[in-house]
Structure formats: structure tokens, C-alpha cells
$ cat entry-v1.pdb   # PDB, C-alpha atoms
ATOM      1  CA  MET Q 471      41.450 -72.518 -30.381
ATOM      2  CA  SER Q 472      39.398 -69.486 -29.377
ATOM      3  CA  ARG Q 473      39.307 -66.471 -31.604
ATOM      4  CA  ARG Q 474      40.233 -63.079 -30.248
ATOM      5  CA  PRO Q 475      37.369 -60.548 -30.282
ATOM      6  CA  THR Q 476      37.423 -58.268 -33.287
ATOM      7  CA  CYS Q 477      37.936 -54.610 -32.526
ATOM      8  CA  VAL Q 478      35.247 -52.590 -34.293
ATOM      9  CA  VAL Q 479      36.584 -49.270 -35.542
ATOM     10  CA  PRO Q 480      33.890 -46.578 -35.859
ATOM     11  CA  THR Q 481      33.408 -45.361 -39.400
ATOM     12  CA  LEU Q 482      33.437 -41.686 -40.337
ATOM     13  CA  ARG Q 483      29.639 -41.853 -40.619
ATOM     14  CA  ASP Q 484      29.409 -43.330 -37.119
ATOM     15  CA  ARG Q 485      31.639 -40.611 -35.699
ATOM     16  CA  LYS Q 486      29.634 -37.866 -37.362
ATOM     17  CA  ARG Q 487      26.383 -39.305 -36.033
ATOM     18  CA  GLU Q 488      27.796 -39.423 -32.524
ATOM     19  CA  GLU Q 489      29.051 -35.847 -32.840
ATOM     20  CA  THR Q 490      25.577 -34.720 -33.918
ATOM     21  CA  ARG Q 491      23.917 -36.638 -31.083
ATOM     22  CA  ARG Q 492      26.271 -35.057 -28.545
ATOM     23  CA  ALA Q 493      25.728 -31.607 -30.036
ATOM     24  CA  ILE Q 494      21.958 -31.949 -29.667
ATOM     25  CA  ALA Q 495      22.217 -33.306 -26.112
ATOM     26  CA  GLY Q 496      24.699 -30.540 -25.260
ATOM     27  CA  ALA Q 497      22.316 -27.935 -26.630
ATOM     28  CA  ALA Q 498      19.536 -29.252 -24.393
ATOM     29  CA  TYR Q 499      21.823 -29.055 -21.371
ATOM     30  CA  ALA Q 500      22.879 -25.493 -22.303
ATOM     31  CA  ILE Q 501      19.233 -24.401 -22.478
ATOM     32  CA  VAL Q 502      18.560 -25.904 -19.050
ATOM     33  CA  ARG Q 503      21.614 -24.055 -17.742
ATOM     34  CA  ASP Q 504      20.694 -20.702 -19.275
ATOM     35  CA  ALA Q 505      16.903 -20.632 -19.168
ATOM     36  CA  GLY Q 506      15.650 -23.567 -17.098
ATOM     37  CA  VAL Q 507      14.128 -26.894 -17.991
ATOM     38  CA  GLY Q 508      10.840 -25.287 -19.050
ATOM     39  CA  ALA Q 509      12.578 -23.635 -22.001
ATOM     40  CA  VAL Q 510      13.631 -26.954 -23.527
ATOM     41  CA  THR Q 511      11.602 -27.566 -26.678
ATOM     42  CA  ALA Q 512      12.441 -29.431 -29.869
ATOM     43  CA  ASP Q 513      12.669 -26.181 -31.828
ATOM     44  CA  ALA Q 514      14.849 -24.467 -29.224
ATOM     45  CA  VAL Q 515      17.232 -27.396 -28.996
ATOM     46  CA  ALA Q 516      17.474 -27.778 -32.777
ATOM     47  CA  GLU Q 517      18.217 -24.082 -33.218
ATOM     48  CA  ARG Q 518      20.826 -24.121 -30.450
ATOM     49  CA  ALA Q 519      22.512 -27.192 -31.943
ATOM     50  CA  GLY Q 520      22.440 -25.781 -35.472
ATOM     51  CA  VAL Q 521      20.340 -28.597 -36.897
ATOM     52  CA  SER Q 522      16.856 -28.854 -38.351
ATOM     53  CA  ARG Q 523      13.798 -29.918 -36.399
ATOM     54  CA  ARG Q 524      13.691 -33.025 -38.586
ATOM     55  CA  THR Q 525      17.281 -33.879 -37.635
ATOM     56  CA  PHE Q 526      16.397 -33.472 -33.976
ATOM     57  CA  PHE Q 527      13.659 -36.092 -34.268
ATOM     58  CA  ASN Q 528      15.929 -38.375 -36.277
ATOM     59  CA  TYR Q 529      18.100 -38.639 -33.163
ATOM     60  CA  PHE Q 530      15.606 -38.188 -30.337
ATOM     61  CA  PRO Q 531      11.935 -39.177 -30.403
ATOM     62  CA  SER Q 532      10.945 -36.590 -27.797
ATOM     63  CA  VAL Q 533      12.126 -33.688 -25.680
ATOM     64  CA  GLU Q 534      12.113 -36.056 -22.701
ATOM     65  CA  SER Q 535      14.625 -38.339 -24.432
ATOM     66  CA  VAL Q 536      17.068 -35.507 -25.144
ATOM     67  CA  LEU Q 537      16.904 -34.409 -21.506
ATOM     68  CA  THR Q 538      17.634 -37.985 -20.492
ATOM     69  CA  ALA Q 539      20.582 -38.033 -22.900
ATOM     70  CA  SER Q 540      22.109 -34.953 -21.303
ATOM     71  CA  VAL Q 541      21.929 -36.664 -17.898
ATOM     72  CA  THR Q 542      23.328 -39.883 -19.399
ATOM     73  CA  ASP Q 543      26.273 -37.945 -20.811
ATOM     74  CA  PHE Q 544      26.914 -36.513 -17.353
ATOM     75  CA  PHE Q 545      27.165 -40.006 -15.886
ATOM     76  CA  ALA Q 546      29.359 -41.126 -18.779
ATOM     77  CA  ALA Q 547      31.778 -38.314 -17.914
ATOM     78  CA  LEU Q 548      31.627 -39.296 -14.247
ATOM     79  CA  SER Q 549      32.400 -42.922 -15.130
ATOM     80  CA  GLU Q 550      35.335 -41.924 -17.292
ATOM     81  CA  ARG Q 551      36.848 -39.817 -14.529
ATOM     82  CA  LEU Q 552      36.393 -42.523 -11.909
ATOM     83  CA  ASP Q 553      38.158 -44.973 -14.214
ATOM     84  CA  GLN Q 554      41.124 -42.600 -14.343
ATOM     85  CA  ARG Q 555      41.635 -42.580 -10.569
ATOM     86  CA  PRO Q 556      44.579 -44.575  -9.119
ATOM     87  CA  PRO Q 557      43.509 -48.206  -8.542
ATOM     88  CA  ASP Q 558      44.930 -48.249  -4.988
ATOM     89  CA  GLU Q 559      43.123 -45.058  -3.924
ATOM     90  CA  ASP Q 560      40.452 -45.192  -1.220
ATOM     91  CA  VAL Q 561      37.122 -45.429  -3.026
ATOM     92  CA  LEU Q 562      35.558 -42.520  -1.122
ATOM     93  CA  ASP Q 563      38.583 -40.386  -1.945
ATOM     94  CA  SER Q 564      38.168 -41.317  -5.611
ATOM     95  CA  VAL Q 565      34.531 -40.250  -5.620
ATOM     96  CA  LEU Q 566      35.364 -36.945  -3.970
ATOM     97  CA  SER Q 567      38.322 -36.326  -6.270
ATOM     98  CA  VAL Q 568      36.233 -36.369  -9.443
ATOM     99  CA  VAL Q 569      34.419 -33.220  -8.308
ATOM    100  CA  ASP Q 570      37.205 -31.653  -6.253
ATOM    101  CA  ASP Q 571      39.856 -31.462  -8.982
ATOM    102  CA  PRO Q 572      40.310 -28.013 -10.618
ATOM    103  CA  GLY Q 573      40.362 -29.811 -13.957
ATOM    104  CA  ASP Q 574      36.853 -31.101 -13.331
ATOM    105  CA  LEU Q 575      35.085 -27.765 -12.933
ATOM    106  CA  SER Q 576      32.802 -28.521 -15.880
ATOM    107  CA  LEU Q 577      31.550 -31.613 -14.052
ATOM    108  CA  VAL Q 578      30.789 -29.587 -10.925
ATOM    109  CA  GLU Q 579      28.900 -27.072 -13.054
ATOM    110  CA  ARG Q 580      26.830 -29.825 -14.619
ATOM    111  CA  ILE Q 581      26.008 -31.249 -11.184
ATOM    112  CA  GLY Q 582      24.703 -27.838 -10.139
ATOM    113  CA  VAL Q 583      22.681 -27.252 -13.291
ATOM    114  CA  LEU Q 584      21.051 -30.669 -13.283
ATOM    115  CA  ALA Q 585      20.374 -30.570  -9.548
ATOM    116  CA  ALA Q 586      18.764 -27.136  -9.789
ATOM    117  CA  ALA Q 587      16.614 -28.382 -12.672
ATOM    118  CA  GLY Q 588      15.476 -31.264 -10.491
ATOM    119  CA  GLU Q 589      14.534 -28.933  -7.659
ATOM    120  CA  THR Q 590      12.386 -26.735  -9.893
ATOM    121  CA  SER Q 591      10.754 -29.451 -12.031
ATOM    122  CA  ALA Q 592       9.250 -32.696 -10.762
ATOM    123  CA  HIS Q 593       9.497 -34.116 -14.287
ATOM    124  CA  ALA Q 594      13.190 -33.291 -14.546
ATOM    125  CA  LYS Q 595      13.786 -34.724 -11.069
ATOM    126  CA  GLY Q 596      12.210 -38.009 -12.148
ATOM    127  CA  LEU Q 597      14.447 -38.224 -15.211
ATOM    128  CA  ILE Q 598      17.560 -37.439 -13.196
ATOM    129  CA  LEU Q 599      16.761 -39.952 -10.455
ATOM    130  CA  ALA Q 600      16.009 -42.672 -13.015
ATOM    131  CA  GLU Q 601      19.420 -42.186 -14.629
ATOM    132  CA  PHE Q 602      21.015 -41.874 -11.205
ATOM    133  CA  HIS Q 603      19.888 -45.347 -10.252
ATOM    134  CA  THR Q 604      20.544 -46.871 -13.671
ATOM    135  CA  TRP Q 605      24.163 -45.763 -13.231
ATOM    136  CA  LEU Q 606      24.258 -47.746  -9.984
ATOM    137  CA  ASP Q 607      24.827 -50.963 -11.979
ATOM    138  CA  TRP Q 608      28.000 -49.512 -13.515
ATOM    139  CA  PHE Q 609      29.151 -48.191 -10.149
ATOM    140  CA  GLU Q 610      28.757 -51.599  -8.509
ATOM    141  CA  GLU Q 611      31.015 -53.126 -11.164
ATOM    142  CA  TRP Q 612      33.557 -50.333 -10.689
ATOM    143  CA  LEU Q 613      33.591 -50.975  -6.947
ATOM    144  CA  ARG Q 614      33.949 -54.713  -7.499
ATOM    145  CA  GLY Q 615      37.078 -54.061  -9.528
ATOM    146  CA  ARG Q 616      38.481 -51.753  -6.856
ATOM    147  CA  VAL Q 617      37.794 -53.731  -3.671
ATOM    148  CA  GLY Q 618      38.312 -57.220  -5.087
ATOM    149  CA  PRO Q 619      36.373 -60.416  -4.415
ATOM    150  CA  GLY Q 620      36.423 -60.174  -0.606
ATOM    151  CA  LEU Q 621      33.007 -58.554  -0.196
ATOM    152  CA  SER Q 622      29.725 -60.433  -0.370
ATOM    153  CA  GLU Q 623      27.233 -59.345  -3.012
ATOM    154  CA  VAL Q 624      25.046 -57.802  -0.321
ATOM    155  CA  HIS Q 625      27.996 -55.892   1.161
ATOM    156  CA  LEU Q 626      29.038 -54.648  -2.282
ATOM    157  CA  ALA Q 627      25.502 -53.572  -3.222
ATOM    158  CA  THR Q 628      25.067 -51.833   0.140
ATOM    159  CA  LEU Q 629      28.358 -49.967  -0.260
ATOM    160  CA  ALA Q 630      27.474 -48.836  -3.779
ATOM    161  CA  ALA Q 631      24.002 -47.685  -2.743
ATOM    162  CA  ALA Q 632      25.354 -45.907   0.349
ATOM    163  CA  ILE Q 633      27.975 -43.975  -1.626
ATOM    164  CA  LEU Q 634      25.461 -43.082  -4.314
ATOM    165  CA  GLY Q 635      22.973 -42.058  -1.632
ATOM    166  CA  SER Q 636      25.579 -39.785  -0.062
ATOM    167  CA  GLY Q 637      26.098 -38.103  -3.413
ATOM    168  CA  GLU Q 638      22.361 -37.720  -3.908
ATOM    169  CA  ALA Q 639      21.950 -36.251  -0.421
ATOM    170  CA  ALA Q 640      24.751 -33.747  -1.031
ATOM    171  CA  ILE Q 641      23.217 -32.721  -4.354
ATOM    172  CA  ARG Q 642      19.765 -32.260  -2.812
ATOM    173  CA  VAL Q 643      20.950 -30.158   0.134
ATOM    174  CA  TRP Q 644      23.304 -28.064  -1.975
ATOM    175  CA  SER Q 645      20.833 -27.449  -4.807
ATOM    176  CA  ARG Q 646      18.039 -26.451  -2.424
ATOM    177  CA  ALA Q 647      20.278 -23.754  -1.004
ATOM    178  CA  VAL Q 648      21.157 -22.557  -4.507
ATOM    179  CA  VAL Q 649      17.503 -22.402  -5.584
ATOM    180  CA  ALA Q 650      16.611 -20.546  -2.359
ATOM    181  CA  GLY Q 651      19.240 -17.922  -3.182
ATOM    182  CA  ASP Q 652      21.478 -18.820  -0.255
ATOM    183  CA  ARG Q 653      25.248 -19.135  -0.460
ATOM    184  CA  PRO Q 654      26.034 -22.754   0.336
ATOM    185  CA  PRO Q 655      29.593 -24.062   0.660
ATOM    186  CA  ALA Q 656      31.230 -25.256  -2.530
ATOM    187  CA  PHE Q 657      29.650 -28.520  -3.658
ATOM    188  CA  PRO Q 658      32.814 -30.618  -3.023
ATOM    189  CA  ALA Q 659      32.706 -29.518   0.628
ATOM    190  CA  VAL Q 660      29.085 -30.652   0.961
ATOM    191  CA  LEU Q 661      29.934 -33.958  -0.720
ATOM    192  CA  ALA Q 662      32.953 -34.397   1.569
ATOM    193  CA  GLU Q 663      30.733 -33.944   4.629
ATOM    194  CA  SER Q 664      28.214 -36.444   3.274
ATOM    195  CA  LEU Q 665      30.892 -39.036   2.499
ATOM    196  CA  GLY Q 666      32.432 -38.370   5.908
ATOM    197  CA  HIS Q 667      29.290 -39.695   7.558
ATOM    198  CA  LEU Q 668      29.900 -43.007   5.805
ATOM    199  CA  ARG Q 669      33.389 -43.185   7.267
ATOM    200  CA  THR Q 670      32.258 -42.532  10.839
ATOM    201  CA  GLY Q 671      28.897 -44.308  10.719
ATOM    202  CA  LEU Q 672      25.567 -42.650  10.079
ATOM    203  CA  LEU Q 673      24.292 -43.113  13.645
ATOM    204  CA  VAL Q 674      27.253 -41.327  15.254
ATOM    205  CA  GLY Q 675      26.018 -38.102  16.870
ATOM    206  CA  THR Q 676      22.323 -38.955  16.595
ATOM    207  CA  PRO Q 677      20.145 -38.839  19.740
ATOM    208  CA  THR Q 678      19.942 -42.112  21.680
ATOM    209  CA  PRO Q 679      16.349 -43.403  21.797
ATOM    210  CA  ARG Q 680      14.785 -43.337  25.260
ATOM    211  CA  SER Q 681      14.011 -46.709  26.749
TER
END
$ encode --input "entry-v1.pdb" --output "C-alpha cells"
Amino acid sequence: MSRRPTCVVPTLRDRKREETRRAIAGAAYAIVRDAGVGAVTADAVAERAGVSRRTFFNYFPSVESVLTASVTDFFAALSERLDQRPPDEDVLDSVLSVVDDPGDLSLVERIGVLAAAGETSAHAKGLILAEFHTWLDWFEEWLRGRVGPGLSEVHLATLAAAILGSGEAAIRVWSRAVVAGDRPPAFPAVLAESLGHLRTGLLVGTPTPRS
């Protein structure tokens, strides 16, 4: 007879540690938002989070790791919101809905802040892209649960990469306009256009090669 898995309940100590970790990661994100990625230092983050420098390094070995954590938390929020979408909803509609819902304005803000940081710092862009593609594994599993077993592994992986690529393209175009001081459309509109190209086929409207 198999045993049912034991549900592990976090202790008060565990919860406090997670709260502190999130506070430090949130402080790093807030500094990026308010002053740019170049202003993120261990001392600045510790002061913003209300902890000591020693506490900072107890949770994060480097400034790079706390920046990564802030991006990881963004994708955790994205995952949570995708999981809350109706299971019979079109997958592209689900992706768009997580940034087009008035209740998700904080997520849209975080997209803008992190994208702008990536456009102004090659180091930040590398961190963001690394997390972006690490999240692809989770997204493939989410898609598998939504579309069922009918797709081949190659089809599933292609769909996941294409949707993620559309999101990345929308972020890049939108953030470049923001950094340049232009007034781009609202990010959900840019994402909707990008996802729309997946629906119609990427080669629709492109010039036909001459023979």
C-alpha cells in the first residue's frame, strides 16, 4: 500500500526567512525602478530593505544574485497568474490576460522596469534573458497541461518558445521606445500585436522572395 505524500507546513522561522528574502529582493527591484540598475549595491539594498549588510549577505552572496532574485520573483508572479486563468481559455488569450487585467497593473509595471534595465545595462539584460529562458521549462509544462497529450514534444516545445519569443519581442520593442523617450502604445497592445502574428503566421505580409 503506497503512502500518501506528507504535506510539509512551513514553520514560523521558515516564513520569516522567506519574508526577509522577499523584502531584500523587493528592495533591489525598487532601486532599479527608482534609480536604475547601476544604483544597486549591497549597502543600498540593505538600507532600503531595513536590514544590515551582514543580513543581506546571509541571504544573497552577491548583488548579481539579488538582481536575479527580483527577476525570478517576477516570473513566479507570472506563473501564479497563468495558473489562475480558466483551463478552457485559448492559451494566447491567457498570456495576454495576465498583463491586460486592471488587477495586474503591478505586473505590467515590473515588465517595464525590468525591460528598461535590460536596455540600459548589458549585464542586467543577460540576467533577465537567463531567467527568461529558465522559465521556459515551467511554461512548457503549463502548456502541456492546457493543450493535452495531442501535441508532439517538438510541437509543444516550438509553441512554448514561439509564445515566449513573442513576449520577448514585445518587451524589447516597447522598452526601446520608453528608453528613447517616445510614447509607445500600452504594453498589452504591443504584446497583443506580437501574439497576433502567431495566430496569422509570421510570414503573412512579408515580401515574397524573387526567383
$ atom_distance --input "entry-v1.pdb" --atom1 "atom CA of Val660 of chain Q" --atom2 "atom CA of Ala497 of chain Q"
28.5 Å
$ closest_residue --input "entry-v1.pdb" --among "Q:Leu566, Q:Ala546, Q:Val648, Q:Ser622" --to "Phe602 of chain Q" --atoms "all atoms listed in the file"
Q:Ala546
$ closest_residue --input "entry-v1.pdb" --among "Q:Gly620, Q:Pro531, Q:Pro655, Q:Pro480" --to "Val643 of chain Q" --atoms "all atoms listed in the file"
Q:Pro655
$ resolve_selection --input "entry-v1.pdb" --expression "the PyMOL selection byres ((chain Q and resi 511-520) around 12)" --output "PyMOL selection string"
chain Q and resi 489-502+504-510+521-537+540
$ residues_around --input "entry-v1.pdb" --residues "Ile633 of chain Q" --least-positions-apart "2" --cutoff "10 Å" --atoms "all atoms listed in the file" --output "list in words"
Val561, Leu562, Val565, Leu606, Phe609, Thr628, Leu629, Ala630, Ala631, Gly635, Ser636, Gly637, Glu638, Ala639, Ser664, Leu665 and Leu668 of chain Q
$ write_last_selection --input "entry-v1.pdb" --atoms "C-alpha atoms" --output "mmCIF file, in the coordinates of the input"
data_model
loop_
_atom_site.group_PDB
_atom_site.id
_atom_site.type_symbol
_atom_site.label_atom_id
_atom_site.label_comp_id
_atom_site.auth_asym_id
_atom_site.auth_seq_id
_atom_site.Cartn_x
_atom_site.Cartn_y
_atom_site.Cartn_z
ATOM 1 C CA VAL Q 561 37.122 -45.429 -3.026
ATOM 2 C CA LEU Q 562 35.558 -42.520 -1.122
ATOM 3 C CA VAL Q 565 34.531 -40.250 -5.620
ATOM 4 C CA LEU Q 606 24.258 -47.746 -9.984
ATOM 5 C CA PHE Q 609 29.151 -48.191 -10.149
ATOM 6 C CA THR Q 628 25.067 -51.833 0.140
ATOM 7 C CA LEU Q 629 28.358 -49.967 -0.260
ATOM 8 C CA ALA Q 630 27.474 -48.836 -3.779
ATOM 9 C CA ALA Q 631 24.002 -47.685 -2.743
ATOM 10 C CA GLY Q 635 22.973 -42.058 -1.632
ATOM 11 C CA SER Q 636 25.579 -39.785 -0.062
ATOM 12 C CA GLY Q 637 26.098 -38.103 -3.413
ATOM 13 C CA GLU Q 638 22.361 -37.720 -3.908
ATOM 14 C CA ALA Q 639 21.950 -36.251 -0.421
ATOM 15 C CA SER Q 664 28.214 -36.444 3.274
ATOM 16 C CA LEU Q 665 30.892 -39.036 2.499
ATOM 17 C CA LEU Q 668 29.900 -43.007 5.805
#
$ atom_distance --input "entry-v1.pdb" --atom1 "atom CA of Ser549 of chain Q" --atom2 "atom CA of Lys486 of chain Q"
23.0 Å
$ residues_around --input "entry-v1.pdb" --residues "Arg580 of chain Q" --least-positions-apart "2" --cutoff "10 Å" --atoms "only C-alpha atoms" --output "PDB file with C-alpha atoms, in the coordinates of the input"
ATOM      1  CA  TYR Q 499      21.823 -29.055 -21.371  1.00  0.00           C
ATOM      2  CA  ALA Q 500      22.879 -25.493 -22.303  1.00  0.00           C
ATOM      3  CA  ARG Q 503      21.614 -24.055 -17.742  1.00  0.00           C
ATOM      4  CA  SER Q 540      22.109 -34.953 -21.303  1.00  0.00           C
ATOM      5  CA  VAL Q 541      21.929 -36.664 -17.898  1.00  0.00           C
ATOM      6  CA  PHE Q 544      26.914 -36.513 -17.353  1.00  0.00           C
ATOM      7  CA  LEU Q 575      35.085 -27.765 -12.933  1.00  0.00           C
ATOM      8  CA  SER Q 576      32.802 -28.521 -15.880  1.00  0.00           C
ATOM      9  CA  LEU Q 577      31.550 -31.613 -14.052  1.00  0.00           C
ATOM     10  CA  VAL Q 578      30.789 -29.587 -10.925  1.00  0.00           C
ATOM     11  CA  GLY Q 582      24.703 -27.838 -10.139  1.00  0.00           C
ATOM     12  CA  VAL Q 583      22.681 -27.252 -13.291  1.00  0.00           C
ATOM     13  CA  LEU Q 584      21.051 -30.669 -13.283  1.00  0.00           C
ATOM     14  CA  ALA Q 585      20.374 -30.570  -9.548  1.00  0.00           C
ATOM     15  CA  ALA Q 586      18.764 -27.136  -9.789  1.00  0.00           C
TER      16      ALA Q 586
END
$ atom_distance --input "entry-v1.pdb" --atom1 "atom CA of Trp644 of chain Q" --atom2 "atom CA of Glu550 of chain Q"
23.9 Å
$ closest_residue --input "entry-v1.pdb" --among "Q:Asp543, Q:Glu589, Q:Trp605, Q:Pro619" --to "Arg646 of chain Q" --atoms "all atoms listed in the file"
Q:Glu589
$ resolve_selection --input "entry-v1.pdb" --expression "the PyMOL selection byres ((chain Q and resi 552) around 9)" --output "MDAnalysis selection string"
chainID Q and resid 547:551 553:556 564:565 567:568 612
